[in-house]
Amino acid sequence: MNDTNYLISKNIAHIKAQIDSACERSGRCKEEITLIAVSKTKPVSLMKEAYAAGCRDFGENRVQELTEKYDQMPKDVKWHLIGHLQRNKVRFIIDKVALIHSVDSLRLAEEINKEASKINRIISILLEVNIAEETSKFGTTGEDAVTLAENVAKLPFIKIQGLMTVAPYVEKQEENREYFAKLRQLHVDIRKKNIDNVSMNVLSMGMSGDYQTAIEEGATCIRVGTGIFGDRHYEN
Ligand SMILES: *Cc1c(COP(=O)(O)O)cnc(C)c1O
């Protein structure tokens, strides 16, 4: 075992322990929580270490990076597209993703539906909601989310599984509690409408800095990058 290998498995063990205690505090079962290892900018060698430590769910925010890594990782990996998706790139990932977290418009959903129909597969998606209404962020507003759900639900090759948000960057995770609670409430409100073809089982919220609070507020998927792989270094 080399140093990074030890570090990554240690990081994952730490996060799992944090998940357990957040579940205990909120009376939830740890089996309800999926830890997605966000591997953007990180090499396949490190992803394989996370895989060896038990991770099967990996999140990428860029289509090209996902497709390049796809062939190099074991076949039982579940790939999550978590970043903004351009319509002209949908066809490259349609047969590779387990879940698309970032659907925020009917036009994007229609494109996914079209490509999914070509391979005759129903694609699971989440609606991305900009719950804190930050101008810099993608996502539909909380208000528009219901209408979007109703319209996307009509597309036969798409299955809406739930909602996703990228909460604001904060120093103390407690500051995001209100946004996580808001997204959970929206999740409940949409579920109550019993829209055909809409499940609302998945609530994707919480990142390295705030996943414990997100779990306390009902997250079923947390997306953790830095906490597993360390800081990202972007080359310009
Ligand atoms: C990068 C990213 C994450 C992970 O962020 P960390 O703070 O490194 O855990 C989660 N979700 C999305 C959508 C991201 O782009």
# chains A, B, ... in the order shown; residues from 1 in each chain; ligands from 1
call {"tool": "select_by_dssp", "arguments": {"residues": "region 65-217 of chain A", "states": "strand (DSSP E or B)", "output": "PyMOL selection string"}}
result
chain A and resi 78-81+97-103+123-129+140+158-164+198-204
call {"tool": "residues_around", "arguments": {"residues": "Lys10 (chain A)", "least_positions_apart": "6", "cutoff": "12 Å", "atoms": "only C-alpha atoms", "output": "PyMOL selection string"}}
result
chain A and resi 3-4+16-17+49-50+52-54+227-230
call {"tool": "write_last_selection", "arguments": {"atoms": "N, CA and C atoms", "output": "compact mmCIF listing (two decimals), in the first residue's frame"}}
result
# COMPACT_ATOMS: atom_id res chain seq x y z
N ASP A 3 1.36 5.61 -0.06
CA ASP A 3 0.83 6.66 0.82
C ASP A 3 -0.55 7.16 0.43
N THR A 4 -0.73 7.44 -0.89
CA THR A 4 -2.05 7.98 -1.28
C THR A 4 -3.13 6.95 -1.06
N LYS A 16 -17.29 7.86 6.19
CA LYS A 16 -18.33 6.87 6.56
C LYS A 16 -18.68 6.98 8.04
N ALA A 17 -17.68 7.25 8.87
CA ALA A 17 -17.95 7.42 10.31
C ALA A 17 -18.79 8.67 10.54
N GLU A 49 -8.05 3.55 -6.29
CA GLU A 49 -7.84 3.39 -4.85
C GLU A 49 -9.16 3.55 -4.09
N ALA A 50 -9.95 4.51 -4.54
CA ALA A 50 -11.28 4.68 -3.92
C ALA A 50 -12.14 3.45 -4.19
N ALA A 52 -11.04 0.43 -4.65
CA ALA A 52 -10.53 -0.65 -3.78
C ALA A 52 -11.03 -0.48 -2.35
N ALA A 53 -11.28 0.78 -1.97
CA ALA A 53 -11.80 1.04 -0.62
C ALA A 53 -13.32 0.89 -0.57
N GLY A 54 -13.93 0.48 -1.66
CA GLY A 54 -15.35 0.16 -1.64
C GLY A 54 -16.26 1.10 -2.41
N GLY A 227 -12.92 15.93 0.14
CA GLY A 227 -12.85 15.13 1.37
C GLY A 227 -12.27 13.74 1.14
N ILE A 228 -12.35 13.24 -0.09
CA ILE A 228 -11.80 11.92 -0.41
C ILE A 228 -10.44 12.05 -1.08
N PHE A 229 -10.37 12.92 -2.10
CA PHE A 229 -9.18 12.96 -2.96
C PHE A 229 -8.23 14.11 -2.66
N GLY A 230 -8.59 15.00 -1.74
CA GLY A 230 -7.76 16.17 -1.47
C GLY A 230 -8.08 17.33 -2.40
call {"tool": "residues_near_ligand", "arguments": {"ligand": "ligand 1", "cutoff": "10 Å", "atoms": "only C-alpha atoms and all ligand atoms", "output": "ChimeraX atom specification"}}
result
/A:36-41,59-62,80-84,101-102,128,138,164-167,169,204-211,222-232
call {"tool": "residues_around", "arguments": {"residues": "Val63 (chain A)", "least_positions_apart": "5", "cutoff": "8 Å", "atoms": "only C-alpha atoms", "output": "PyMOL selection string"}}
result
chain A and resi 81+85+89+92-93
call {"tool": "write_last_selection", "arguments": {"atoms": "C-alpha atoms", "output": "mmCIF file, in the first residue's frame"}}
result
data_model
loop_
_atom_site.group_PDB
_atom_site.id
_atom_site.type_symbol
_atom_site.label_atom_id
_atom_site.label_comp_id
_atom_site.auth_asym_id
_atom_site.auth_seq_id
_atom_site.Cartn_x
_atom_site.Cartn_y
_atom_site.Cartn_z
ATOM 1 C CA LEU A 81 -22.999 13.343 -14.227
ATOM 2 C CA LEU A 85 -24.708 19.432 -19.313
ATOM 3 C CA LYS A 89 -22.944 16.489 -25.504
ATOM 4 C CA PHE A 92 -21.664 10.970 -25.582
ATOM 5 C CA ILE A 93 -22.765 9.945 -22.103
#
call {"tool": "residues_around", "arguments": {"residues": "Thr213 (chain A)", "least_positions_apart": "4", "cutoff": "9 Å", "atoms": "only C-alpha atoms", "output": "short mmCIF file (atom, residue, chain, number, x, y, z; two decimals) with N, CA and C atoms, in the first residue's frame"}}
result
data_model
loop_
_atom_site.label_atom_id
_atom_site.label_comp_id
_atom_site.auth_asym_id
_atom_site.auth_seq_id
_atom_site.Cartn_x
_atom_site.Cartn_y
_atom_site.Cartn_z
N ALA A 22 -24.04 11.33 11.66
CA ALA A 22 -25.12 12.21 11.21
C ALA A 22 -26.44 11.44 11.16
N GLN A 173 -21.06 24.87 8.01
CA GLN A 173 -22.11 24.15 7.27
C GLN A 173 -23.52 24.44 7.80
N GLU A 174 -23.58 24.83 9.06
CA GLU A 174 -24.87 25.18 9.66
C GLU A 174 -25.61 26.24 8.82
N ASN A 176 -25.94 26.43 5.78
CA ASN A 176 -26.68 25.87 4.64
C ASN A 176 -27.91 25.05 5.07
N ARG A 177 -28.10 24.91 6.37
CA ARG A 177 -29.20 24.06 6.83
C ARG A 177 -30.55 24.52 6.25
N PHE A 180 -30.93 23.27 2.69
CA PHE A 180 -31.18 21.83 2.62
C PHE A 180 -32.62 21.53 3.05
N GLY A 206 -25.26 18.20 -0.41
CA GLY A 206 -24.16 18.04 0.54
C GLY A 206 -22.88 17.70 -0.18
N GLU A 217 -30.66 16.82 7.21
CA GLU A 217 -31.84 17.41 6.59
C GLU A 217 -32.44 16.52 5.51
N GLY A 218 -31.95 15.29 5.37
CA GLY A 218 -32.65 14.34 4.49
C GLY A 218 -31.93 13.92 3.22
N ALA A 219 -30.68 14.32 3.02
CA ALA A 219 -29.96 13.91 1.80
C ALA A 219 -29.92 12.39 1.68
#
call {"tool": "residues_around", "arguments": {"residues": "region 74-78 of chain A", "least_positions_apart": "2", "cutoff": "6 Å", "atoms": "only C-alpha atoms", "output": "MDAnalysis selection string"}}
result
chainID A and resid 56:57 98
call {"tool": "atom_distance", "arguments": {"atom1": "CA of Asn11 (chain A)", "atom2": "CA of Thr34 (chain A)"}}
result
15.7 Å
call {"tool": "residues_around", "arguments": {"residues": "Met73 (chain A)", "least_positions_apart": "6", "cutoff": "9 Å", "atoms": "only C-alpha atoms", "output": "list in words"}}
result
Val44, Met47, Lys48 and Tyr51 of chain A
call {"tool": "residues_around", "arguments": {"residues": "Glu32 (chain A)", "least_positions_apart": "3", "cutoff": "12 Å", "atoms": "only C-alpha atoms", "output": "list in words"}}
result
Ile19, Asp20, Ala22, Cys23, Gly27, Arg28, Cys29, Leu35, Asn201, Val202, Leu203, Ser204, Ile215, Glu216, Gly218, Ala219, Thr220, Cys221 and Ile222 of chain A
call {"tool": "write_last_selection", "arguments": {"atoms": "all heavy atoms", "output": "CSV table (one decimal), in the first residue's frame"}}
result
chain,number,residue,atom,x,y,z
A,19,ILE,N,-20.9,9.9,8.4
A,19,ILE,CA,-22.2,9.6,7.9
A,19,ILE,C,-23.0,8.9,9.0
A,19,ILE,O,-24.1,9.2,9.3
A,19,ILE,CB,-22.1,8.7,6.6
A,19,ILE,CG1,-21.6,9.5,5.4
A,19,ILE,CG2,-23.5,8.2,6.2
A,19,ILE,CD1,-21.3,8.7,4.1
A,20,ASP,N,-22.3,7.9,9.6
A,20,ASP,CA,-23.0,7.1,10.7
A,20,ASP,C,-23.4,8.0,11.8
A,20,ASP,O,-24.6,7.9,12.3
A,20,ASP,CB,-22.0,6.1,11.3
A,20,ASP,CG,-21.7,4.9,10.4
A,20,ASP,OD1,-22.3,4.9,9.3
A,20,ASP,OD2,-20.9,4.1,10.7
A,22,ALA,N,-24.0,11.3,11.7
A,22,ALA,CA,-25.1,12.2,11.2
A,22,ALA,C,-26.4,11.4,11.2
A,22,ALA,O,-27.5,12.0,11.5
A,22,ALA,CB,-24.8,12.8,9.8
A,23,CYS,N,-26.4,10.2,10.8
A,23,CYS,CA,-27.6,9.3,10.7
A,23,CYS,C,-28.1,9.1,12.1
A,23,CYS,O,-29.3,9.2,12.4
A,23,CYS,CB,-27.3,8.0,10.0
A,23,CYS,SG,-27.2,8.1,8.3
A,27,GLY,N,-31.8,10.1,13.4
A,27,GLY,CA,-32.7,8.9,13.4
A,27,GLY,C,-32.8,8.3,12.0
A,27,GLY,O,-33.9,7.8,11.7
A,28,ARG,N,-31.8,8.3,11.2
A,28,ARG,CA,-31.9,7.7,9.9
A,28,ARG,C,-31.0,6.5,9.8
A,28,ARG,O,-30.1,6.2,10.7
A,28,ARG,CB,-31.4,8.7,8.8
A,28,ARG,CG,-32.2,10.0,8.9
A,28,ARG,CD,-31.8,10.9,7.7
A,28,ARG,NE,-32.1,10.3,6.4
A,28,ARG,CZ,-31.5,10.7,5.3
A,28,ARG,NH1,-30.6,11.7,5.3
A,28,ARG,NH2,-31.8,10.1,4.2
A,29,CYS,N,-31.1,5.6,8.8
A,29,CYS,CA,-30.3,4.5,8.6
A,29,CYS,C,-29.2,4.8,7.6
A,29,CYS,O,-29.4,5.5,6.6
A,29,CYS,CB,-31.0,3.3,7.9
A,29,CYS,SG,-32.4,2.8,8.8
A,35,LEU,N,-22.7,7.5,-0.9
A,35,LEU,CA,-21.6,8.4,-1.0
A,35,LEU,C,-21.1,8.4,-2.5
A,35,LEU,O,-20.6,7.3,-3.0
A,35,LEU,CB,-20.5,7.9,-0.1
A,35,LEU,CG,-19.1,8.6,-0.2
A,35,LEU,CD1,-19.2,10.1,0.1
A,35,LEU,CD2,-18.1,7.9,0.7
A,201,ASN,N,-37.4,9.8,-4.8
A,201,ASN,CA,-36.7,9.0,-3.8
A,201,ASN,C,-35.3,9.5,-3.5
A,201,ASN,O,-34.7,9.2,-2.5
A,201,ASN,CB,-36.5,7.6,-4.3
A,201,ASN,CG,-37.9,6.9,-4.4
A,201,ASN,OD1,-38.7,7.1,-3.5
A,201,ASN,ND2,-38.1,6.1,-5.4
A,202,VAL,N,-34.8,10.3,-4.4
A,202,VAL,CA,-33.4,10.8,-4.3
A,202,VAL,C,-33.3,12.3,-4.0
A,202,VAL,O,-34.0,13.1,-4.6
A,202,VAL,CB,-32.6,10.5,-5.6
A,202,VAL,CG1,-31.2,11.0,-5.5
A,202,VAL,CG2,-32.6,9.0,-5.9
A,203,LEU,N,-32.5,12.6,-3.0
A,203,LEU,CA,-32.2,14.0,-2.7
A,203,LEU,C,-30.7,14.1,-2.6
A,203,LEU,O,-30.0,13.7,-1.7
A,203,LEU,CB,-32.9,14.3,-1.3
A,203,LEU,CG,-33.1,15.7,-0.9
A,203,LEU,CD1,-33.8,16.5,-2.0
A,203,LEU,CD2,-34.0,15.7,0.4
A,204,SER,N,-30.2,14.7,-3.7
A,204,SER,CA,-28.7,14.8,-3.8
A,204,SER,C,-28.3,16.2,-3.4
A,204,SER,O,-28.4,17.2,-4.0
A,204,SER,CB,-28.4,14.6,-5.3
A,204,SER,OG,-27.0,14.9,-5.6
A,215,ILE,N,-27.2,15.5,5.4
A,215,ILE,CA,-27.8,14.2,5.9
A,215,ILE,C,-28.8,14.4,6.9
A,215,ILE,O,-29.9,13.9,6.9
A,215,ILE,CB,-26.7,13.3,6.3
A,215,ILE,CG1,-25.8,12.8,5.1
A,215,ILE,CG2,-27.3,12.0,7.0
A,215,ILE,CD1,-24.5,12.1,5.5
A,216,GLU,N,-28.5,15.3,7.9
A,216,GLU,CA,-29.5,15.6,8.9
A,216,GLU,C,-30.8,16.1,8.4
A,216,GLU,O,-31.8,16.0,8.9
A,216,GLU,CB,-28.9,16.6,9.9
A,216,GLU,CG,-27.8,16.0,10.8
A,216,GLU,CD,-27.0,17.1,11.6
A,216,GLU,OE1,-27.5,18.2,11.7
A,216,GLU,OE2,-26.0,16.8,12.1
A,218,GLY,N,-32.0,15.3,5.4
A,218,GLY,CA,-32.6,14.3,4.5
A,218,GLY,C,-31.9,13.9,3.2
A,218,GLY,O,-32.5,13.2,2.4
A,219,ALA,N,-30.7,14.3,3.0
A,219,ALA,CA,-30.0,13.9,1.8
A,219,ALA,C,-29.9,12.4,1.7
A,219,ALA,O,-29.8,11.7,2.7
A,219,ALA,CB,-28.5,14.5,1.8
A,220,THR,N,-30.1,11.9,0.5
A,220,THR,CA,-29.9,10.4,0.2
A,220,THR,C,-28.6,10.2,-0.6
A,220,THR,O,-28.1,9.1,-0.7
A,220,THR,CB,-31.0,9.8,-0.5
A,220,THR,OG1,-31.1,10.3,-1.9
A,220,THR,CG2,-32.4,10.1,0.2
A,221,CYS,N,-28.1,11.3,-1.3
A,221,CYS,CA,-26.9,11.2,-2.0
A,221,CYS,C,-26.0,12.4,-1.6
A,221,CYS,O,-26.5,13.5,-1.6
A,221,CYS,CB,-27.1,11.5,-3.5
A,221,CYS,SG,-27.4,10.0,-4.5
A,222,ILE,N,-24.8,12.1,-1.2
A,222,ILE,CA,-23.9,13.2,-0.9
A,222,ILE,C,-22.7,13.1,-1.9
A,222,ILE,O,-22.3,12.0,-2.3
A,222,ILE,CB,-23.3,13.2,0.5
A,222,ILE,CG1,-22.6,11.9,0.9
A,222,ILE,CG2,-24.5,13.5,1.5
A,222,ILE,CD1,-21.9,11.9,2.2
call {"tool": "atom_distance", "arguments": {"atom1": "CA of Met200 (chain A)", "atom2": "CA of Gln86 (chain A)"}}
result
24.1 Å
call {"tool": "atom_distance", "arguments": {"atom1": "CA of Ala145 (chain A)", "atom2": "CA of Ile125 (chain A)"}}
result
13.6 Å
call {"tool": "select_by_dssp", "arguments": {"residues": "region 1-222 of chain A", "states": "helix (DSSP H, G or I)", "output": "PyMOL selection string"}}
result
chain A and resi 3-26+30-32+44-52+63-70+87-93+106-118+142-152+173-192+211-216
call {"tool": "decode", "arguments": {"residues": "region 161-185 of chain A", "atoms": "N, CA, C and O atoms", "output": "compact mmCIF listing (two decimals), in the first residue's frame"}}
result
# COMPACT_ATOMS: atom_id res chain seq x y z
N GLN A 161 -36.03 10.93 -10.64
CA GLN A 161 -35.84 10.22 -9.36
C GLN A 161 -35.81 11.16 -8.17
O GLN A 161 -35.87 10.71 -7.03
N GLY A 162 -35.63 12.46 -8.43
CA GLY A 162 -35.57 13.37 -7.29
C GLY A 162 -34.97 14.71 -7.63
O GLY A 162 -35.01 15.14 -8.79
N LEU A 163 -34.40 15.36 -6.63
CA LEU A 163 -33.87 16.71 -6.78
C LEU A 163 -32.40 16.78 -6.36
O LEU A 163 -31.94 15.97 -5.56
N MET A 164 -31.72 17.77 -6.91
CA MET A 164 -30.31 18.00 -6.57
C MET A 164 -30.10 19.49 -6.38
O MET A 164 -30.76 20.31 -7.01
N THR A 165 -29.19 19.85 -5.47
CA THR A 165 -28.78 21.25 -5.39
C THR A 165 -27.29 21.36 -5.07
O THR A 165 -26.71 20.46 -4.46
N VAL A 166 -26.71 22.45 -5.52
CA VAL A 166 -25.35 22.83 -5.10
C VAL A 166 -25.55 24.03 -4.18
O VAL A 166 -25.89 25.12 -4.62
N ALA A 167 -25.35 23.81 -2.90
CA ALA A 167 -25.59 24.86 -1.92
C ALA A 167 -24.45 25.88 -1.95
O ALA A 167 -23.38 25.61 -2.50
N PRO A 168 -24.66 27.06 -1.39
CA PRO A 168 -23.61 28.08 -1.39
C PRO A 168 -22.34 27.60 -0.69
O PRO A 168 -22.38 26.71 0.16
N TYR A 169 -21.23 28.21 -1.07
CA TYR A 169 -19.99 27.95 -0.36
C TYR A 169 -20.05 28.69 0.97
O TYR A 169 -20.24 29.90 1.01
N VAL A 170 -19.91 27.98 2.06
CA VAL A 170 -20.01 28.63 3.38
C VAL A 170 -18.85 28.19 4.27
O VAL A 170 -18.25 27.14 4.06
N GLU A 171 -18.55 28.99 5.26
CA GLU A 171 -17.51 28.63 6.23
C GLU A 171 -18.03 27.59 7.21
O GLU A 171 -17.35 26.65 7.56
N LYS A 172 -19.28 27.81 7.66
CA LYS A 172 -19.87 26.88 8.62
C LYS A 172 -21.08 26.21 7.97
O LYS A 172 -21.99 26.87 7.50
N GLN A 173 -21.06 24.87 8.01
CA GLN A 173 -22.11 24.15 7.27
C GLN A 173 -23.52 24.44 7.80
O GLN A 173 -24.50 24.32 7.08
N GLU A 174 -23.58 24.83 9.06
CA GLU A 174 -24.87 25.18 9.66
C GLU A 174 -25.61 26.24 8.82
O GLU A 174 -26.83 26.25 8.74
N GLU A 175 -24.83 27.12 8.18
CA GLU A 175 -25.43 28.19 7.37
C GLU A 175 -26.24 27.64 6.19
O GLU A 175 -27.09 28.33 5.65
N ASN A 176 -25.94 26.43 5.78
CA ASN A 176 -26.68 25.87 4.64
C ASN A 176 -27.91 25.05 5.07
O ASN A 176 -28.66 24.58 4.23
N ARG A 177 -28.10 24.91 6.37
CA ARG A 177 -29.20 24.06 6.83
C ARG A 177 -30.55 24.52 6.25
O ARG A 177 -31.36 23.72 5.80
N GLU A 178 -30.77 25.83 6.24
CA GLU A 178 -32.06 26.33 5.74
C GLU A 178 -32.28 25.95 4.27
O GLU A 178 -33.41 25.66 3.87
N TYR A 179 -31.20 25.93 3.48
CA TYR A 179 -31.36 25.57 2.06
C TYR A 179 -31.62 24.09 1.90
O TYR A 179 -32.44 23.67 1.07
N PHE A 180 -30.93 23.27 2.69
CA PHE A 180 -31.18 21.83 2.62
C PHE A 180 -32.62 21.53 3.05
O PHE A 180 -33.30 20.71 2.43
N ALA A 181 -33.07 22.20 4.09
CA ALA A 181 -34.44 21.99 4.56
C ALA A 181 -35.46 22.42 3.50
O ALA A 181 -36.48 21.77 3.29
N LYS A 182 -35.13 23.51 2.81
CA LYS A 182 -36.01 24.01 1.75
C LYS A 182 -36.12 23.01 0.60
O LYS A 182 -37.20 22.76 0.07
N LEU A 183 -34.98 22.43 0.23
CA LEU A 183 -35.00 21.47 -0.88
C LEU A 183 -35.77 20.22 -0.46
O LEU A 183 -36.53 19.67 -1.25
N ARG A 184 -35.58 19.80 0.78
CA ARG A 184 -36.33 18.64 1.25
C ARG A 184 -37.83 18.91 1.22
O ARG A 184 -38.64 18.07 0.80
N GLN A 185 -38.23 20.12 1.61
CA GLN A 185 -39.65 20.46 1.61
C GLN A 185 -40.21 20.44 0.18
O GLN A 185 -41.31 19.94 -0.06
